[in-house]
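> Handing over target_5.txt, compact mmCIF, C-alpha atoms.
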# COMPACT_ATOMS: atom_id res chain seq x y z
CA GLY A 28 -5.88 12.94 11.71
CA ASP A 29 -4.46 12.61 8.23
CA SER A 30 -6.70 11.59 5.36
CA VAL A 31 -6.61 11.16 1.60
CA THR A 32 -9.58 11.36 -0.73
CA GLN A 33 -9.51 10.06 -4.30
CA MET A 34 -12.04 10.45 -7.02
CA GLU A 35 -14.62 7.73 -7.27
CA GLY A 36 -13.98 5.00 -9.78
CA PRO A 37 -13.87 2.91 -11.75
CA VAL A 38 -12.46 4.88 -14.65
CA THR A 39 -12.74 3.41 -18.13
CA LEU A 40 -10.85 4.96 -21.04
CA SER A 41 -9.90 4.16 -24.58
CA GLU A 42 -6.25 3.77 -25.47
CA GLU A 43 -4.46 7.11 -26.03
CA ALA A 44 -7.04 9.04 -24.00
CA PHE A 45 -6.05 11.63 -21.39
CA LEU A 46 -6.17 10.50 -17.77
CA THR A 47 -6.81 12.49 -14.63
CA ILE A 48 -7.33 10.94 -11.21
CA ASN A 49 -8.06 13.51 -8.54
CA CYS A 50 -6.54 13.32 -5.08
CA THR A 51 -6.88 15.72 -2.17
CA TYR A 52 -5.48 15.40 1.30
CA THR A 53 -5.78 16.65 4.84
CA ALA A 54 -2.69 16.66 7.03
CA THR A 55 -0.87 18.71 9.58
CA GLY A 56 2.71 19.66 8.97
CA TYR A 57 4.39 19.01 5.66
CA PRO A 58 3.60 15.54 4.35
CA SER A 59 5.20 13.78 1.41
CA LEU A 60 2.77 12.65 -1.27
CA PHE A 61 2.82 9.49 -3.33
CA TRP A 62 1.03 7.62 -6.07
CA TYR A 63 1.21 3.84 -5.94
CA VAL A 64 0.02 1.41 -8.60
CA GLN A 65 -1.25 -2.11 -8.00
CA TYR A 66 -1.52 -4.57 -10.87
CA PRO A 67 -3.92 -7.52 -10.48
CA GLY A 68 -2.78 -9.98 -7.83
CA GLU A 69 0.31 -8.00 -6.93
CA GLY A 70 1.54 -5.72 -4.19
CA LEU A 71 2.03 -1.98 -4.49
CA GLN A 72 4.66 -0.28 -6.59
CA LEU A 73 5.70 3.30 -6.13
CA LEU A 74 4.74 5.24 -9.26
CA LEU A 75 5.87 8.73 -8.32
CA LYS A 76 6.35 11.02 -5.38
CA ALA A 77 6.70 14.65 -4.30
CA THR A 78 8.13 15.77 -1.02
CA LYS A 79 7.40 19.49 -0.91
CA ALA A 80 5.04 22.10 -2.30
CA ASP A 81 5.23 22.72 -6.08
CA ASP A 82 7.33 19.58 -6.63
CA LYS A 83 6.29 17.59 -9.68
CA GLY A 84 6.69 13.84 -9.57
CA SER A 85 6.88 11.97 -12.86
CA ASN A 86 7.42 8.44 -14.08
CA LYS A 87 6.38 6.37 -17.12
CA GLY A 88 4.48 9.30 -18.58
CA PHE A 89 2.51 9.94 -15.40
CA GLU A 90 2.79 13.26 -13.58
CA ALA A 91 1.47 14.82 -10.40
CA THR A 92 2.18 18.21 -8.82
CA TYR A 93 2.11 18.87 -5.08
CA ARG A 94 -0.31 21.78 -4.68
CA LYS A 95 -0.28 23.01 -1.10
CA GLU A 96 -2.75 25.80 -1.71
CA THR A 97 -5.40 23.37 -2.89
CA THR A 98 -4.08 20.38 -0.88
CA SER A 99 -4.12 18.30 -4.03
CA PHE A 100 -1.92 15.83 -5.88
CA HIS A 101 -3.81 14.91 -9.04
CA LEU A 102 -2.42 12.17 -11.26
CA GLU A 103 -2.29 12.79 -15.02
CA LYS A 104 -1.14 11.02 -18.14
CA GLY A 105 -1.45 12.39 -21.63
CA SER A 106 -1.98 9.11 -23.46
CA VAL A 107 -2.90 5.94 -21.61
CA GLN A 108 -2.13 2.41 -22.76
CA VAL A 109 -3.88 -0.89 -22.12
CA SER A 110 -0.96 -1.84 -19.89
CA ASP A 111 -1.83 1.06 -17.56
CA SER A 112 -4.93 -0.80 -16.42
CA ALA A 113 -4.49 -1.18 -12.67
CA VAL A 114 -5.57 0.27 -9.34
CA TYR A 115 -4.02 3.59 -8.40
CA PHE A 116 -3.62 4.75 -4.81
CA CYS A 117 -2.81 8.23 -3.62
CA ALA A 118 -1.03 8.30 -0.27
CA LEU A 119 0.69 10.61 2.15
CA SER A 120 3.44 10.13 4.68
CA GLY A 121 4.49 12.37 7.49
CA GLY A 122 1.86 14.63 8.88
CA THR A 123 0.95 13.27 12.28
CA SER A 124 2.17 9.69 11.71
CA TYR A 125 5.87 9.30 11.12
CA GLY A 126 6.64 6.43 8.77
CA LYS A 127 3.02 5.45 8.28
CA LEU A 128 1.28 5.80 4.96
CA THR A 129 -2.28 7.00 4.76
CA PHE A 130 -3.97 5.73 1.60
CA GLY A 131 -6.86 6.95 -0.44
CA GLN A 132 -9.54 4.45 -1.37
CA GLY A 133 -7.97 3.58 -4.71
CA THR A 134 -9.19 4.13 -8.26
CA ILE A 135 -9.61 1.27 -10.68
CA LEU A 136 -8.48 2.22 -14.19
CA THR A 137 -9.41 0.10 -17.19
CA VAL A 138 -8.05 1.01 -20.61
CA HIS A 139 -9.62 -0.55 -23.69
CA PRO A 140 -7.84 -0.96 -27.05
CA GLY B 20 16.83 -1.08 -4.70
CA ALA B 21 15.22 -2.30 -1.52
CA VAL B 22 13.43 -5.62 -1.97
CA VAL B 23 10.76 -7.09 0.25
CA SER B 24 9.85 -10.74 -0.20
CA GLN B 25 6.53 -12.07 1.03
CA HIS B 26 5.75 -15.78 1.28
CA PRO B 27 3.58 -17.59 0.43
CA SER B 28 1.93 -15.71 -2.40
CA TRP B 29 -1.22 -17.80 -2.19
CA VAL B 30 -2.51 -20.18 0.43
CA ILE B 31 -5.70 -22.19 0.71
CA CYS B 32 -6.52 -23.96 3.93
CA LYS B 33 -9.34 -25.40 5.95
CA SER B 34 -11.29 -23.48 8.52
CA GLY B 35 -9.77 -23.75 12.00
CA THR B 36 -6.15 -24.01 10.94
CA SER B 37 -3.47 -21.41 11.55
CA VAL B 38 -1.57 -19.82 8.71
CA LYS B 39 1.80 -18.07 8.87
CA ILE B 40 2.87 -15.41 6.38
CA GLU B 41 6.47 -14.28 6.18
CA CYS B 42 7.80 -10.89 5.21
CA ARG B 43 11.53 -10.54 4.58
CA SER B 44 13.71 -7.60 3.70
CA LEU B 45 16.28 -9.09 1.36
CA ASP B 46 18.97 -6.46 1.07
CA PHE B 47 18.45 -4.15 4.02
CA GLN B 48 17.54 -4.20 7.68
CA ALA B 49 14.04 -3.18 8.62
CA THR B 50 13.40 -2.28 12.23
CA THR B 51 9.80 -1.52 11.38
CA MET B 52 7.41 -3.42 9.13
CA PHE B 53 3.74 -2.87 8.49
CA TRP B 54 0.97 -5.36 7.84
CA TYR B 55 -2.04 -4.43 5.74
CA ARG B 56 -5.22 -6.18 4.79
CA GLN B 57 -6.99 -5.49 1.53
CA PHE B 58 -10.53 -6.51 0.68
CA PRO B 59 -11.56 -6.91 -2.97
CA LYS B 60 -11.71 -3.58 -4.77
CA GLN B 61 -10.90 -1.69 -1.61
CA SER B 62 -7.98 0.19 -0.18
CA LEU B 63 -5.31 -1.07 2.16
CA MET B 64 -6.23 -1.20 5.82
CA LEU B 65 -3.30 -0.95 8.21
CA MET B 66 -3.53 -3.80 10.70
CA ALA B 67 -0.42 -3.35 12.78
CA THR B 68 3.07 -1.96 13.02
CA SER B 69 5.74 -4.55 13.70
CA ASN B 70 8.87 -3.42 15.54
CA GLU B 71 11.94 -5.60 15.82
CA GLY B 72 12.45 -6.87 19.34
CA SER B 73 9.23 -5.49 20.77
CA LYS B 74 5.51 -6.06 20.68
CA ALA B 75 3.56 -5.05 17.65
CA THR B 76 1.25 -2.06 17.76
CA TYR B 77 -2.21 -2.95 16.52
CA GLU B 78 -4.71 -0.58 14.95
CA GLN B 79 -8.06 -0.11 16.54
CA GLY B 80 -10.44 -2.96 15.84
CA VAL B 81 -7.74 -5.51 14.94
CA GLU B 82 -7.74 -8.58 17.19
CA LYS B 83 -4.19 -9.10 18.44
CA ASP B 84 -4.94 -12.65 19.55
CA LYS B 85 -6.26 -13.45 16.12
CA PHE B 86 -3.44 -11.90 14.14
CA LEU B 87 -0.15 -12.70 15.85
CA ILE B 88 2.83 -10.70 14.72
CA ASN B 89 6.42 -11.56 15.46
CA HIS B 90 9.44 -9.50 14.42
CA ALA B 91 12.30 -11.51 15.81
CA SER B 92 15.05 -10.24 13.52
CA LEU B 93 15.89 -7.16 11.49
CA THR B 94 14.96 -8.92 8.27
CA LEU B 95 11.90 -10.97 9.13
CA SER B 96 8.41 -10.30 10.37
CA THR B 97 5.67 -12.92 10.46
CA LEU B 98 1.90 -12.67 10.61
CA THR B 99 0.05 -15.72 11.90
CA VAL B 100 -3.68 -15.90 11.38
CA THR B 101 -4.83 -18.19 14.17
CA SER B 102 -7.84 -20.47 13.90
CA ALA B 103 -8.65 -18.99 10.53
CA HIS B 104 -12.25 -18.79 9.31
CA PRO B 105 -13.73 -17.88 5.93
CA GLU B 106 -14.16 -14.24 6.98
CA ASP B 107 -10.37 -14.02 7.35
CA SER B 108 -9.99 -14.65 3.63
CA SER B 109 -8.31 -11.60 2.16
CA PHE B 110 -5.20 -10.21 0.54
CA TYR B 111 -2.49 -9.46 3.10
CA ILE B 112 0.40 -7.15 2.24
CA CYS B 113 3.50 -6.34 4.24
CA SER B 114 5.87 -3.46 3.87
CA ALA B 115 9.21 -2.47 5.34
CA PHE B 116 10.05 0.99 6.54
CA ILE B 117 13.46 2.53 5.90
CA PRO B 118 13.95 5.64 8.07
CA GLY B 119 15.73 8.39 6.20
CA GLY B 120 16.02 6.28 3.05
CA SER B 121 17.68 8.09 0.19
CA SER B 122 14.75 7.32 -2.09
CA ASN B 123 12.35 9.19 0.17
CA GLN B 124 10.08 6.23 -0.17
CA PRO B 125 8.86 5.49 3.30
CA GLN B 126 7.80 1.90 2.67
CA HIS B 127 8.75 -0.91 0.32
CA PHE B 128 5.98 -3.43 -0.28
CA GLY B 129 5.89 -7.16 -0.65
CA ASP B 130 3.83 -8.73 -3.41
CA GLY B 131 1.09 -9.80 -1.04
CA THR B 132 -0.43 -13.08 0.10
CA ARG B 133 -3.86 -14.20 -0.98
CA LEU B 134 -5.41 -16.20 1.83
CA SER B 135 -8.46 -18.34 1.13
CA ILE B 136 -10.13 -20.20 3.98
CA LEU B 137 -12.52 -22.96 3.00
Output the structure of this file as C-alpha cells.

Amino acid sequence: GDSVTQMEGPVTLSEEAFLTINCTYTATGYPSLFWYVQYPGEGLQLLLKATKADDKGSNKGFEATYRKETTSFHLEKGSVQVSDSAVYFCALSGGTSYGKLTFGQGTILTVHP
Amino acid sequence: GAVVSQHPSWVICKSGTSVKIECRSLDFQATTMFWYRQFPKQSLMLMATSNEGSKATYEQGVEKDKFLINHASLTLSTLTVTSAHPEDSSFYICSAFIPGGSSNQPQHFGDGTRLSIL
C-alpha cells in the first residue's frame, strides 16, 4: 500500500535559519503530494501541493519539489520565523486509494527568537 | 474557498456518556467525509470514510459500534462516541472530500474537536 515517511523530529531552529524537512513516499501510479501544517489546537491547513513530477509547490516562503526519481517531496524554507512553529505533515493522495490521504508521522518544528 | 465547520471544538464529559461531533460543509456539498483521530504528538489516523446515504466504511481496528457515523445529508456528517471512557480522549478531525475540485486539494479539514473524558 501507499506510505509516507518523514524525518524524525522535533526540529528546533533559531529565527532566520534554513529549514529542511525530508519526506519520501511509496505509492503505485501517480500520486499528488501535499504538505499540511497544523498549529496548536487546530485542524490541518494545506501549505502547498504538487500534482506531477518536477512540479514545485510554494507558499509563504515554503517550497517543495516533486521528485519522482527519488520519490521525495522535501519541504524547505530559507528563513524561518517564530510564527512557523507548528507540526508539518507530508501526505499523498491517489496511488491505490482514491480520495484518501496517506500522512507521514508529522514533524514538530519549534523556532526560537 | 471550501469551508468545513466542526462542532464542538472542545468537550469534556463524564465516563459512560455519549458524545456527538458534527462536521459540516458550509459552502459545498460533500458526498464523502473522513474522520480522523490524532493522539498527542502523533499523526492522523483515519478512522472511517463517511458516505452520504450509505453506511460508513471503517478502517481495520476501529470499533464501528463504538464510533457511530451518520452522513444523512450532503452537508453534514456526525461522529458519536458511545459510552465514552478515558481512553477515548483524543483530538478528532473531520474532512470533506471534493472530487475533481479545481484546487486539486482532495480534502478540506475542520478545526478538530478535543474530547476529554473524565
> For atom CA of A:Gly28 and atom CA of A:Phe130, determine how far apart the two atoms are, in Å to one decimal place.
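Going from atom CA of A:Gly28 over to atom CA of A:Phe130 covers 12.6 Å.
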> Can you work out which residues from chain B touch chain A at a cut-off of 8 Å (counting all atoms listed in the file) and hand them back as number ranges by chain?
B: 60-63, 112, 116, 118, 123-126, 128-131
> Atom CA of B:Pro59 and atom CA of B:Gly35, how far apart in Å?
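Computing it gives 22.6 Å between the two atoms.
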> Given the choices A:Ser110, A:Thr39, A:Ser99, A:Ser85, which gets closest to A:Tyr52 if the distance is worked out from all atoms listed in the file?
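Smallest distance to A:Tyr52 is found for A:Ser99.
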> Which is closest to B:Asp84 among B:Arg43, B:Ser37, B:Asn70, B:Arg56, if we use only C-alpha atoms?
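When distances to B:Asp84 are compared using only C-alpha atoms, the smallest one comes from B:Ser37.
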> Give me, please, the distance in Å between atom CA of B:Glu41 and atom CA of B:Trp29, quoted to one decimal.
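Those two atoms sit 11.9 Å apart.
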> Under the rule that all atoms listed in the file are counted, which of B:Met66, B:Met52, B:Leu134, B:Ile117 is the nearest residue to B:Ile31?
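So, comparing all the options, the nearest one is B:Leu134.
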> Please work out which residues fall within 6 Å of (-4.9, 13.2, -9.7), coordinates as given in the file, with all atoms listed in the file counting, and return them as a PyMOL selection string.
chain A and resi 47-50+100-103
> When you count only C-alpha atoms, which of these residues is closest to A:Tyr57: A:Thr92, A:Gln33, A:Thr98, A:Ser41?
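The closest residue to A:Tyr57 is A:Thr98.
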> Looking at only C-alpha atoms, which of B:Val100, B:Met64, B:Ala91, B:Ala21 is the one that sits closest to B:Val38?
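Closest residue, counting only C-alpha atoms: B:Val100.
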> Which residue is closest to A:Ala44? Choose from A:Cys117, A:Val107, A:Ala91, A:Ala80 and count all atoms listed in the file.
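Result for the nearest residue to A:Ala44: A:Val107.
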> Would you list the residues near (-1.0, -5.8, 15.6), meaning any protein, DNA or RNA residue with an atom at most 6 Å from that point in file coordinates, counting only C-alpha atoms, as a list of chain:residue names?
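Neighbouring residues, ordered by chain and number, come to B:Met66, B:Ala67, B:Ala75, B:Thr76, B:Tyr77, B:Lys83.
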